[in-house]
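Inspection log for the structure reproduced underneath, given as structure tokens.
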Amino acid sequence: MIKSNSGIRKTDVINRRMFIIGAAKIVVLTGIIGRLFSLQINENKKYLTLSDKNRIREWKLPPTRGNIVDYFGNVIAGNLKVYQLHIIPEQVENFNYLLLRLKNLLDLSEKKIAKINKLKLELKPWDSIIVSENLSWSQFVKINNYLYDLVGIKPVITISRNYPFKDVYTHVLGYVSQPNEQEILANQIVKERFVPGMKVGKLGLEKRLENHLIGTNAIQRYEVNAYGKRINQLEHQKGEQGSKIRLTVDTEIQKACADLLKEKAGSISVMDIFTGDIIAMYSSPSYDPNLFLFGISQDEWQLIRNNPLKPLVNKTLSGLYSPGSTIKPIVALSALENNVIDTKFKVRCTGKMELYGQTFHCWKEKGHGWVSLKNAMKQSCDTYFYEIARLLGVDRLNITAEKFGLGKKVLGKYFENEKKGLFPNTNWKKNNLGRGWVLGETLITGIGQGYIQSTPLQLCMMTAQIANGGYAIKPKIVVDNDPLTLAGAKQSMQGEQLHDSDKKLFKNKKNIKIVQEAIFSSTNERFGTSYRSRIDDPKYQFAGKTGTAQVKRISKRERELDLKLEQIPYKDRDHALYVAFGPYVNPRYALSIIVEHGGSGSKAAAPIAKKLFKLIIDRHELRNKQSNFEEISI
Amino acid sequence: MFQQDRLNNEITFFQKIKNLDYILIISVVILSIISLFVMYSTDGGEILFHTKNHFIKLAVFFPLMIVVAFFNIKFWHNCSYIIYAVIILLLIWVSFFGIKSSGSQRWMDVYLFVLQPSELMKVAIILCLAKYYHRLKIENVNSFTSIIFVLSIILIPFIFVISQPDLGTSILIVLSGLIILWLGGLKIKYFIYSFITFLISLPFIISFLKPYQKLRILTFLDPDRDPLGAGYQIIQSKIAIGSGGIDGKGFLKGTQSYLDFLPEKHTDFIFTLFSEEFGFIGSVGLLILYSIIIFRIIRIGSISRSNFARLFCFGYAFAIFYLYCSKFIYGSRYATYSWLSTTSNVIWRLINVSYNDWFWYCIKCKNQS
């Protein structure tokens, strides 16, 4: 009885306690279900995203750069198919044998082999090693012939930048090459789109317009495992080629410029005087930008770097020269505008001018006699300009010169390496050199020597603004959708009421006309400094002003010796300059030419203008037609 | 009918078959089939080692379960102490001559297969204590001598197993023992006092741990603090479960496990894989299946007349519950390296364990009669 009681009580205890455990179990189960609910239903999206982030990896491919075309749609920076050779280490059976075969087939250097071996250790076995970035077609064919024997290699066709006109456009376009880390970090877009093997603009427009040209990456999505190995391809998203950039330049003229400056150091710029379109902009000597695409060899680089004619300098924009006599139209204009002189004003030139015991020489030792503005410009009489500069003063001259674009960047927006130049005035000297202005400095500023420094493009723009009747233009090299069309621009400059006053650079339109005529006489009248380079055919007739810029002070002894050009050491020879516009009736184009150490402007620079003007005018009609097309399809 | 059977204690073979708990058997069969599919998935959709191995285990143990079910419960009652003693001897043998593998020594080679005595001890401890409390008078449950005796029965295997070292199994052994203590009627205040003592001494225990062990505990509590190291597996497991959503990614389509983001997917993360492929619906379904099994075991206990059978069923139900839940919990948050991580193939074990209980229950049924 007791026993059975005890047994029953025990059973009760067990059942009761079991009930408590059962309740606890239900609580725990509810907790688990709640947890599952929160993970799988509430936070499902979050974890789904995380799971996709785990398994999907994107491989970006290098974007295709946009083409750069000239005004006529000719591609001047395009893309070319290149043949590459990749090795995928994990597929290779015998790595050393493969390298030996490739070495024989492609003439790989020991250094290259060592580099491949090093890469093999660094990269994951399924990452491809680029053996050669740019195989020739014959090498590519050879490799394909032996493909059966070369397990683990992959011949690849990809796209690379190409500059079909080689060195002709180098200083305008720049070039692309592998970016360094700084360059990647500096540009947000490059940073986002960078993939190994991608090239970025290093210089010139390629660099400046990087964000437009770059294009978007093609994207390949792969499913990867936890170790990063690709399992299968999910999708391929095509990239978009970068924007096409159309320039205002004319390849025919650019090429002619390159020919004319062959073997010389110098620069030619050609500009549309109404639209400000840069027709040509060439700095000589140049170099082939294609060399940089796959990394330039040390030898080639040294050859370019050590060339005494300095091909790396963009002389058109970064070269600073004394304008010499090419400044005279501005001096004359300034004097006229400030009513210091009129057309009847005459100065007697005796070959030199004395001022406070200092002698200022005219280039012509015997002197020009009594000269008026027109004759002084024609023969480039220095004494006349000394005199009017003295009467004018450097500050008033400075105002006019800066109006016409001296001392300011012309294309600053597009070229980082463009220089500002300098047109001095009394304040500038006091602030920068700490000394007062001396009247003698005004005299030499009047003939474009001394502190004054200008780039060839500035001189071209200055000439263009005189040629178009004295209106400000905005030079440009990229064709944009500016509403300022040719017709509008021309109209606004001829019809007074149509344009706003800040475009007008003169006080009296007559003064511009006087200067234009003076320049015209310098080329087209007897005794003019560039008379020998004239073209009589009114269709091509142009007006120009020579300039000869001294690179060092001429000593008395040298002056007496009157050495021939060949007798002076190269680096002491004068720079030859020439600015011109034409055709004289209805002018349309302005140009500036500089031949470094070329001697006198009339002998070295003006003849180049003669050859060039024919071409420029002949191309005009074609260009005019072209401008009717909004967009050129290639 | 039961009354009659009880009297003569001998029922026919036919009646034994009739008395089997078919709901339990069917649940186990369904679970076995699910487990086969899951193993197939862990093998990457091919019939490889794990799937084959699992199938062989099923083929051996399922019939064995049925056979064992026909043993009379008296047999187990009589053998309880002997079984316990034999397994203690095996544990001692293993601690000297066992096979060493990955830093622990817990297996013995029995020619045909490799035996892990600590797994058997999970059952033996319940058997042993169930018999002890079956025979103990209710008045003596809280006596000093009985408590000391019971505690030593629990501690002896615990010490051998934890020194293997196998923390997970040793904790399960202790918990199974304590649950019988609880069911046997030990005063609740003892449990409360010892729990409080445990909590108070916890900081001291932790202070004796090595730095890497402390780090594990911290990571266990907050996996995001070490996302690339120890926390990696936990985070990946959470991602797998969470990305499963309501209906899962589909059979053989669990990307987390397929692409090797989940380590140990055959063992600790088996539930994670299941949950990723079958989603919330599948996971809850599996939980329900487990609950049915546990409920049937408890039911068998509650209708049985002997306290031995009752204690054993309840104790075993708890052990299974603990195992199932730990998998769910690991999978969903607290993962791998945690102490239970050492256990082998989980689903297999779950099912294997359910065979064990199941045959005890079947035994029970027979005994009831």
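FYI, nothing fancy with the structure tokens labels: chains A, B, ... in order, residues from 1 per chain, ligands from 1 as they appear.
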Exercise for the section: Pick out the residues sitting within 6 Å of range 60-66 of chain A, and hand them over as a PyMOL selection string; count only C-alpha atoms, and ignore anything fewer than 3 positions along from it in its own chain. Expected result: chain A and resi 195+198+213-219+241-244
Restricting it to all heavy atoms, dump the selection as an mmCIF file, in the first residue's frame.
data_model
loop_
_atom_site.group_PDB
_atom_site.id
_atom_site.type_symbol
_atom_site.label_atom_id
_atom_site.label_comp_id
_atom_site.auth_asym_id
_atom_site.auth_seq_id
_atom_site.Cartn_x
_atom_site.Cartn_y
_atom_site.Cartn_z
ATOM 1 N N VAL A 195 40.561 49.729 -64.641
ATOM 2 C CA VAL A 195 40.855 48.298 -64.609
ATOM 3 C C VAL A 195 42.277 48.135 -65.122
ATOM 4 O O VAL A 195 42.728 48.960 -65.917
ATOM 5 C CB VAL A 195 39.927 47.472 -65.525
ATOM 6 C CG1 VAL A 195 38.605 47.249 -64.890
ATOM 7 C CG2 VAL A 195 39.783 48.123 -66.878
ATOM 8 N N MET A 198 43.903 49.505 -68.545
ATOM 9 C CA MET A 198 43.251 50.691 -69.068
ATOM 10 C C MET A 198 44.265 51.817 -69.187
ATOM 11 O O MET A 198 45.196 51.910 -68.402
ATOM 12 C CB MET A 198 42.145 51.103 -68.096
ATOM 13 C CG MET A 198 41.359 52.293 -68.551
ATOM 14 S SD MET A 198 40.098 52.649 -67.324
ATOM 15 C CE MET A 198 40.396 54.356 -67.062
ATOM 16 N N LEU A 213 36.011 61.414 -72.916
ATOM 17 C CA LEU A 213 36.514 60.411 -73.849
ATOM 18 C C LEU A 213 36.463 59.002 -73.282
ATOM 19 O O LEU A 213 36.407 58.030 -74.016
ATOM 20 C CB LEU A 213 37.983 60.735 -74.187
ATOM 21 C CG LEU A 213 38.211 61.951 -75.071
ATOM 22 C CD1 LEU A 213 39.686 62.334 -75.080
ATOM 23 C CD2 LEU A 213 37.761 61.653 -76.497
ATOM 24 N N ILE A 214 36.466 58.914 -71.964
ATOM 25 C CA ILE A 214 36.799 57.639 -71.323
ATOM 26 C C ILE A 214 35.864 56.481 -71.690
ATOM 27 O O ILE A 214 36.308 55.373 -71.918
ATOM 28 C CB ILE A 214 36.893 57.836 -69.794
ATOM 29 C CG1 ILE A 214 37.404 56.585 -69.094
ATOM 30 C CG2 ILE A 214 35.568 58.266 -69.199
ATOM 31 C CD1 ILE A 214 37.872 56.848 -67.672
ATOM 32 N N GLY A 215 34.565 56.743 -71.776
ATOM 33 C CA GLY A 215 33.653 55.638 -72.076
ATOM 34 C C GLY A 215 33.350 54.827 -70.837
ATOM 35 O O GLY A 215 33.953 55.040 -69.796
ATOM 36 N N THR A 216 32.400 53.915 -70.942
ATOM 37 C CA THR A 216 32.050 53.125 -69.757
ATOM 38 C C THR A 216 32.532 51.695 -69.926
ATOM 39 O O THR A 216 32.640 51.181 -71.034
ATOM 40 C CB THR A 216 30.530 53.120 -69.508
ATOM 41 O OG1 THR A 216 29.900 52.650 -70.701
ATOM 42 C CG2 THR A 216 30.014 54.501 -69.184
ATOM 43 N N ASN A 217 32.783 51.081 -68.790
ATOM 44 C CA ASN A 217 33.310 49.721 -68.800
ATOM 45 C C ASN A 217 32.274 48.738 -69.309
ATOM 46 O O ASN A 217 31.111 48.849 -68.969
ATOM 47 C CB ASN A 217 33.672 49.275 -67.383
ATOM 48 C CG ASN A 217 34.693 50.167 -66.735
ATOM 49 O OD1 ASN A 217 34.360 51.097 -66.045
ATOM 50 N ND2 ASN A 217 35.933 49.889 -66.984
ATOM 51 N N ALA A 218 32.727 47.775 -70.051
ATOM 52 C CA ALA A 218 31.884 46.609 -70.258
ATOM 53 C C ALA A 218 32.015 45.795 -68.982
ATOM 54 O O ALA A 218 33.065 45.783 -68.352
ATOM 55 C CB ALA A 218 32.377 45.805 -71.441
ATOM 56 N N ILE A 219 30.922 45.169 -68.558
ATOM 57 C CA ILE A 219 30.974 44.449 -67.297
ATOM 58 C C ILE A 219 30.610 42.995 -67.513
ATOM 59 O O ILE A 219 29.616 42.684 -68.167
ATOM 60 C CB ILE A 219 30.024 45.094 -66.261
ATOM 61 C CG1 ILE A 219 30.544 46.478 -65.906
ATOM 62 C CG2 ILE A 219 29.909 44.225 -65.018
ATOM 63 C CD1 ILE A 219 29.585 47.280 -65.079
ATOM 64 N N GLN A 241 31.124 53.427 -75.760
ATOM 65 C CA GLN A 241 32.327 54.144 -76.148
ATOM 66 C C GLN A 241 32.222 55.591 -75.670
ATOM 67 O O GLN A 241 31.139 56.152 -75.576
ATOM 68 C CB GLN A 241 32.481 54.107 -77.667
ATOM 69 C CG GLN A 241 33.847 54.582 -78.110
ATOM 70 C CD GLN A 241 34.024 54.522 -79.605
ATOM 71 O OE1 GLN A 241 33.082 54.274 -80.334
ATOM 72 N NE2 GLN A 241 35.239 54.748 -80.065
ATOM 73 N N GLY A 242 33.373 56.165 -75.357
ATOM 74 C CA GLY A 242 33.385 57.554 -74.904
ATOM 75 C C GLY A 242 32.875 58.489 -75.992
ATOM 76 O O GLY A 242 32.746 58.113 -77.157
ATOM 77 N N SER A 243 32.569 59.731 -75.604
ATOM 78 C CA SER A 243 32.024 60.681 -76.576
ATOM 79 C C SER A 243 33.048 60.969 -77.669
ATOM 80 O O SER A 243 34.244 60.975 -77.427
ATOM 81 C CB SER A 243 31.705 62.011 -75.911
ATOM 82 O OG SER A 243 31.164 61.819 -74.660
ATOM 83 N N LYS A 244 32.513 61.232 -78.826
ATOM 84 C CA LYS A 244 33.381 61.650 -79.922
ATOM 85 C C LYS A 244 33.621 63.141 -79.767
ATOM 86 O O LYS A 244 32.699 63.906 -79.508
ATOM 87 C CB LYS A 244 32.683 61.367 -81.250
ATOM 88 C CG LYS A 244 33.584 61.614 -82.435
ATOM 89 C CD LYS A 244 32.881 61.263 -83.712
ATOM 90 C CE LYS A 244 31.865 62.341 -84.053
ATOM 91 N NZ LYS A 244 31.082 62.011 -85.230
#
Exercise for the section: Fewer than 3 positions away in the same chain doesn't count, so skip those; otherwise give me all residues within 12 Å of Gly315 in chain B, counting only C-alpha atoms, as a ChimeraX atom specification. Expected result: /A:14-15,17-18,21-22 /B:122-131,172-184,294,297-298,301-302,307-312,318-322,357,360-361
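For the pair CA of Thr548 in chain A and CA of Val410 in chain A, the interatomic distance is 22.7 Å.
Applying a distance limit of 6 Å to only C-alpha atoms, the residues of chain A near chain B read Ile14, Arg17, Leu39, Gln40, Ile41, Asn44, Tyr47, Leu48, Asn225 and Ala226 of chain A.
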Quick one: write out the picked residues with all heavy atoms as an mmCIF file, in the first residue's frame?
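What landed in selection-v5.cif:
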data_model
loop_
_atom_site.group_PDB
_atom_site.id
_atom_site.type_symbol
_atom_site.label_atom_id
_atom_site.label_comp_id
_atom_site.auth_asym_id
_atom_site.auth_seq_id
_atom_site.Cartn_x
_atom_site.Cartn_y
_atom_site.Cartn_z
ATOM 1 N N ILE A 14 6.900 13.102 -11.434
ATOM 2 C CA ILE A 14 7.534 13.029 -12.752
ATOM 3 C C ILE A 14 6.681 13.750 -13.789
ATOM 4 O O ILE A 14 7.175 14.552 -14.580
ATOM 5 C CB ILE A 14 7.785 11.556 -13.169
ATOM 6 C CG1 ILE A 14 8.812 10.913 -12.230
ATOM 7 C CG2 ILE A 14 8.266 11.479 -14.614
ATOM 8 C CD1 ILE A 14 8.951 9.419 -12.410
ATOM 9 N N ARG A 17 6.731 17.570 -13.260
ATOM 10 C CA ARG A 17 7.997 18.160 -13.687
ATOM 11 C C ARG A 17 8.157 18.113 -15.212
ATOM 12 O O ARG A 17 8.724 19.009 -15.820
ATOM 13 C CB ARG A 17 9.155 17.419 -13.015
ATOM 14 C CG ARG A 17 9.121 17.589 -11.500
ATOM 15 C CD ARG A 17 10.375 18.258 -11.031
ATOM 16 N NE ARG A 17 10.240 18.721 -9.659
ATOM 17 C CZ ARG A 17 11.252 18.752 -8.801
ATOM 18 N NH1 ARG A 17 12.452 18.311 -9.168
ATOM 19 N NH2 ARG A 17 11.070 19.230 -7.605
ATOM 20 N N LEU A 39 14.943 36.390 -39.491
ATOM 21 C CA LEU A 39 16.029 36.261 -40.470
ATOM 22 C C LEU A 39 15.499 36.086 -41.888
ATOM 23 O O LEU A 39 15.952 36.723 -42.824
ATOM 24 C CB LEU A 39 16.909 35.052 -40.137
ATOM 25 C CG LEU A 39 17.970 35.193 -39.048
ATOM 26 C CD1 LEU A 39 18.618 33.849 -38.792
ATOM 27 C CD2 LEU A 39 19.034 36.190 -39.468
ATOM 28 N N GLN A 40 14.517 35.185 -42.019
ATOM 29 C CA GLN A 40 14.123 34.773 -43.373
ATOM 30 C C GLN A 40 13.012 35.624 -43.962
ATOM 31 O O GLN A 40 12.863 35.678 -45.167
ATOM 32 C CB GLN A 40 13.689 33.302 -43.355
ATOM 33 C CG GLN A 40 14.827 32.413 -42.907
ATOM 34 C CD GLN A 40 14.586 30.968 -43.260
ATOM 35 O OE1 GLN A 40 13.655 30.356 -42.766
ATOM 36 N NE2 GLN A 40 15.414 30.429 -44.129
ATOM 37 N N ILE A 41 12.248 36.260 -43.131
ATOM 38 C CA ILE A 41 11.140 37.049 -43.674
ATOM 39 C C ILE A 41 11.376 38.538 -43.478
ATOM 40 O O ILE A 41 11.363 39.307 -44.422
ATOM 41 C CB ILE A 41 9.799 36.569 -43.090
ATOM 42 C CG1 ILE A 41 9.550 35.146 -43.609
ATOM 43 C CG2 ILE A 41 8.665 37.500 -43.499
ATOM 44 C CD1 ILE A 41 8.362 34.452 -43.051
ATOM 45 N N ASN A 44 15.004 39.267 -44.935
ATOM 46 C CA ASN A 44 15.323 38.505 -46.135
ATOM 47 C C ASN A 44 16.073 39.322 -47.178
ATOM 48 O O ASN A 44 17.082 38.895 -47.717
ATOM 49 C CB ASN A 44 14.032 37.940 -46.728
ATOM 50 C CG ASN A 44 14.272 37.226 -48.041
ATOM 51 O OD1 ASN A 44 13.729 37.595 -49.062
ATOM 52 N ND2 ASN A 44 15.124 36.215 -48.029
ATOM 53 N N TYR A 47 19.747 39.951 -46.354
ATOM 54 C CA TYR A 47 20.619 38.791 -46.476
ATOM 55 C C TYR A 47 20.712 38.307 -47.920
ATOM 56 O O TYR A 47 21.735 37.771 -48.330
ATOM 57 C CB TYR A 47 20.163 37.671 -45.537
ATOM 58 C CG TYR A 47 20.476 37.986 -44.105
ATOM 59 C CD1 TYR A 47 19.487 38.272 -43.192
ATOM 60 C CD2 TYR A 47 21.807 38.056 -43.690
ATOM 61 C CE1 TYR A 47 19.788 38.595 -41.884
ATOM 62 C CE2 TYR A 47 22.123 38.382 -42.385
ATOM 63 C CZ TYR A 47 21.109 38.645 -41.477
ATOM 64 O OH TYR A 47 21.424 38.969 -40.198
ATOM 65 N N LEU A 48 19.653 38.531 -48.656
ATOM 66 C CA LEU A 48 19.700 38.162 -50.074
ATOM 67 C C LEU A 48 20.754 39.006 -50.776
ATOM 68 O O LEU A 48 21.535 38.509 -51.599
ATOM 69 C CB LEU A 48 18.319 38.400 -50.694
ATOM 70 C CG LEU A 48 17.913 37.470 -51.834
ATOM 71 C CD1 LEU A 48 18.072 36.028 -51.423
ATOM 72 C CD2 LEU A 48 16.481 37.743 -52.246
ATOM 73 N N ASN A 225 33.221 31.352 -56.240
ATOM 74 C CA ASN A 225 33.106 30.623 -54.989
ATOM 75 C C ASN A 225 33.816 31.395 -53.895
ATOM 76 O O ASN A 225 34.319 32.496 -54.114
ATOM 77 C CB ASN A 225 33.644 29.190 -55.130
ATOM 78 C CG ASN A 225 35.148 29.157 -55.311
ATOM 79 O OD1 ASN A 225 35.816 30.179 -55.208
ATOM 80 N ND2 ASN A 225 35.663 27.995 -55.590
ATOM 81 N N ALA A 226 33.868 30.799 -52.688
ATOM 82 C CA ALA A 226 34.410 31.525 -51.535
ATOM 83 C C ALA A 226 35.873 31.893 -51.729
ATOM 84 O O ALA A 226 36.378 32.786 -51.077
ATOM 85 C CB ALA A 226 34.244 30.685 -50.273
#
Exercise for the section: Identify all residues of range 238-402 of chain A in helix (DSSP H, G or I) (DSSP on the backbone) and supply them as a PyMOL selection string. Expected result: chain A and resi 251-260+289-292+298-305+315-318+324-337+373-379+382-392+394-402
Exercise for the section: Skip Leu615 in chain A itself and residues of its chain fewer than 3 positions away, then list as a PyMOL selection string all residues within 9 Å of it, counting only C-alpha atoms. Expected result: chain A and resi 252-253+256+611-612+618-620
Selected residues, all heavy atoms, written as a PDB file, in the first residue's frame, please.
ATOM      1  N   GLU A 252      44.826  68.699 -93.065  1.00  0.00           N
ATOM      2  CA  GLU A 252      45.671  69.044 -94.217  1.00  0.00           C
ATOM      3  C   GLU A 252      46.602  70.197 -93.863  1.00  0.00           C
ATOM      4  O   GLU A 252      47.795  70.179 -94.188  1.00  0.00           O
ATOM      5  CB  GLU A 252      44.790  69.451 -95.414  1.00  0.00           C
ATOM      6  CG  GLU A 252      44.070  68.286 -96.072  1.00  0.00           C
ATOM      7  CD  GLU A 252      45.034  67.190 -96.530  1.00  0.00           C
ATOM      8  OE1 GLU A 252      46.040  67.535 -97.181  1.00  0.00           O
ATOM      9  OE2 GLU A 252      44.784  66.008 -96.192  1.00  0.00           O
ATOM     10  N   ILE A 253      46.064  71.201 -93.216  1.00  0.00           N
ATOM     11  CA  ILE A 253      46.872  72.366 -92.860  1.00  0.00           C
ATOM     12  C   ILE A 253      47.864  72.009 -91.759  1.00  0.00           C
ATOM     13  O   ILE A 253      49.033  72.383 -91.810  1.00  0.00           O
ATOM     14  CB  ILE A 253      45.953  73.537 -92.440  1.00  0.00           C
ATOM     15  CG1 ILE A 253      45.062  73.929 -93.618  1.00  0.00           C
ATOM     16  CG2 ILE A 253      46.767  74.724 -91.966  1.00  0.00           C
ATOM     17  CD1 ILE A 253      43.986  74.928 -93.295  1.00  0.00           C
ATOM     18  N   ALA A 256      50.660  70.286 -93.316  1.00  0.00           N
ATOM     19  CA  ALA A 256      51.511  71.225 -94.043  1.00  0.00           C
ATOM     20  C   ALA A 256      52.410  71.978 -93.067  1.00  0.00           C
ATOM     21  O   ALA A 256      53.600  72.194 -93.336  1.00  0.00           O
ATOM     22  CB  ALA A 256      50.647  72.206 -94.824  1.00  0.00           C
ATOM     23  N   LYS A 611      53.684  79.995 -98.314  1.00  0.00           N
ATOM     24  CA  LYS A 611      53.321  78.633 -98.717  1.00  0.00           C
ATOM     25  C   LYS A 611      52.020  78.199 -98.049  1.00  0.00           C
ATOM     26  O   LYS A 611      51.199  77.506 -98.643  1.00  0.00           O
ATOM     27  CB  LYS A 611      54.436  77.659 -98.339  1.00  0.00           C
ATOM     28  CG  LYS A 611      55.650  77.793 -99.242  1.00  0.00           C
ATOM     29  CD  LYS A 611      56.781  76.926 -98.747  1.00  0.00           C
ATOM     30  CE  LYS A 611      58.103  77.348 -99.371  1.00  0.00           C
ATOM     31  NZ  LYS A 611      59.243  76.966 -98.545  1.00  0.00           N
ATOM     32  N   LEU A 612      51.875  78.601 -96.808  1.00  0.00           N
ATOM     33  CA  LEU A 612      50.733  78.129 -96.039  1.00  0.00           C
ATOM     34  C   LEU A 612      49.429  78.798 -96.466  1.00  0.00           C
ATOM     35  O   LEU A 612      48.383  78.158 -96.535  1.00  0.00           O
ATOM     36  CB  LEU A 612      51.008  78.419 -94.552  1.00  0.00           C
ATOM     37  CG  LEU A 612      50.332  77.520 -93.539  1.00  0.00           C
ATOM     38  CD1 LEU A 612      50.555  76.058 -93.872  1.00  0.00           C
ATOM     39  CD2 LEU A 612      50.858  77.831 -92.145  1.00  0.00           C
ATOM     40  N   ASP A 618      42.661  77.886 -99.974  1.00  0.00           N
ATOM     41  CA  ASP A 618      42.056  76.836-100.821  1.00  0.00           C
ATOM     42  C   ASP A 618      41.138  75.927-100.010  1.00  0.00           C
ATOM     43  O   ASP A 618      40.128  75.436-100.502  1.00  0.00           O
ATOM     44  CB  ASP A 618      43.163  75.982-101.467  1.00  0.00           C
ATOM     45  CG  ASP A 618      43.782  76.709-102.656  1.00  0.00           C
ATOM     46  OD1 ASP A 618      43.121  77.625-103.186  1.00  0.00           O
ATOM     47  OD2 ASP A 618      44.913  76.365-103.037  1.00  0.00           O
ATOM     48  N   ARG A 619      41.510  75.689 -98.780  1.00  0.00           N
ATOM     49  CA  ARG A 619      40.702  74.799 -97.937  1.00  0.00           C
ATOM     50  C   ARG A 619      39.460  75.508 -97.410  1.00  0.00           C
ATOM     51  O   ARG A 619      38.552  74.862 -96.883  1.00  0.00           O
ATOM     52  CB  ARG A 619      41.526  74.318 -96.726  1.00  0.00           C
ATOM     53  CG  ARG A 619      42.756  73.536 -97.047  1.00  0.00           C
ATOM     54  CD  ARG A 619      42.474  72.118 -97.400  1.00  0.00           C
ATOM     55  NE  ARG A 619      41.882  71.363 -96.301  1.00  0.00           N
ATOM     56  CZ  ARG A 619      41.406  70.142 -96.450  1.00  0.00           C
ATOM     57  NH1 ARG A 619      41.432  69.544 -97.642  1.00  0.00           N
ATOM     58  NH2 ARG A 619      40.869  69.513 -95.438  1.00  0.00           N
ATOM     59  N   HIS A 620      39.431  76.840 -97.575  1.00  0.00           N
ATOM     60  CA  HIS A 620      38.356  77.610 -96.951  1.00  0.00           C
ATOM     61  C   HIS A 620      36.964  77.189 -97.415  1.00  0.00           C
ATOM     62  O   HIS A 620      36.039  77.015 -96.609  1.00  0.00           O
ATOM     63  CB  HIS A 620      38.562  79.099 -97.216  1.00  0.00           C
ATOM     64  CG  HIS A 620      37.408  79.934 -96.737  1.00  0.00           C
ATOM     65  ND1 HIS A 620      37.131  80.085 -95.397  1.00  0.00           N
ATOM     66  CD2 HIS A 620      36.450  80.625 -97.397  1.00  0.00           C
ATOM     67  CE1 HIS A 620      36.058  80.828 -95.271  1.00  0.00           C
ATOM     68  NE2 HIS A 620      35.611  81.174 -96.461  1.00  0.00           N
TER      69      HIS A 620
END
Handout entry: Nearby residues (only C-alpha atoms) at most 9 Å from Leu355 in chain A, same-chain spacing under 5 positions excluded, as number ranges by chain
Key = A: 360, 439-440
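Nearest to Gln233 in chain A of all the residues A:Ile56, A:Ile452, A:Leu320, A:Ala376 is A:Ile56, counting only C-alpha atoms.
Non-sequential neighbours of Ala590 in chain A (distance at most 10 Å, separation of 6 or more positions within a chain, only C-alpha atoms) are Ser269, Val270, Met271, Asp272, Ile273, Phe274, Gly276, Ile278, Ile279, Leu459, Cys460, Met461, Met462, Thr463, Ala464, Gln465, Ile466, Ala467, Asn468, Phe542, Ala543, Gly544, Val579, Ala580, Phe581, Gly582, Pro583, Phe613 and Ile616 of chain A.
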Which neighbours of Glu210 in chain A fall inside 8 Å, counting only C-alpha atoms, when residues of the same chain fewer than 4 positions from it are skipped, and could you give them as a short mmCIF file (atom, residue, chain, number, x, y, z; two decimals) with N, CA and C atoms, in the first residue's frame?
data_model
loop_
_atom_site.label_atom_id
_atom_site.label_comp_id
_atom_site.auth_asym_id
_atom_site.auth_seq_id
_atom_site.Cartn_x
_atom_site.Cartn_y
_atom_site.Cartn_z
N VAL A 200 44.98 56.03 -69.69
CA VAL A 200 44.36 57.34 -69.52
C VAL A 200 45.19 58.41 -70.20
N GLY A 201 44.55 59.54 -70.47
CA GLY A 201 45.25 60.65 -71.11
C GLY A 201 46.32 61.19 -70.18
N LEU A 205 44.75 67.29 -74.89
CA LEU A 205 43.30 67.11 -74.83
C LEU A 205 42.93 65.73 -74.31
N GLU A 206 43.75 64.74 -74.59
CA GLU A 206 43.46 63.40 -74.07
C GLU A 206 43.32 63.45 -72.55
N ILE A 214 36.47 58.91 -71.96
CA ILE A 214 36.80 57.64 -71.32
C ILE A 214 35.86 56.48 -71.69
#
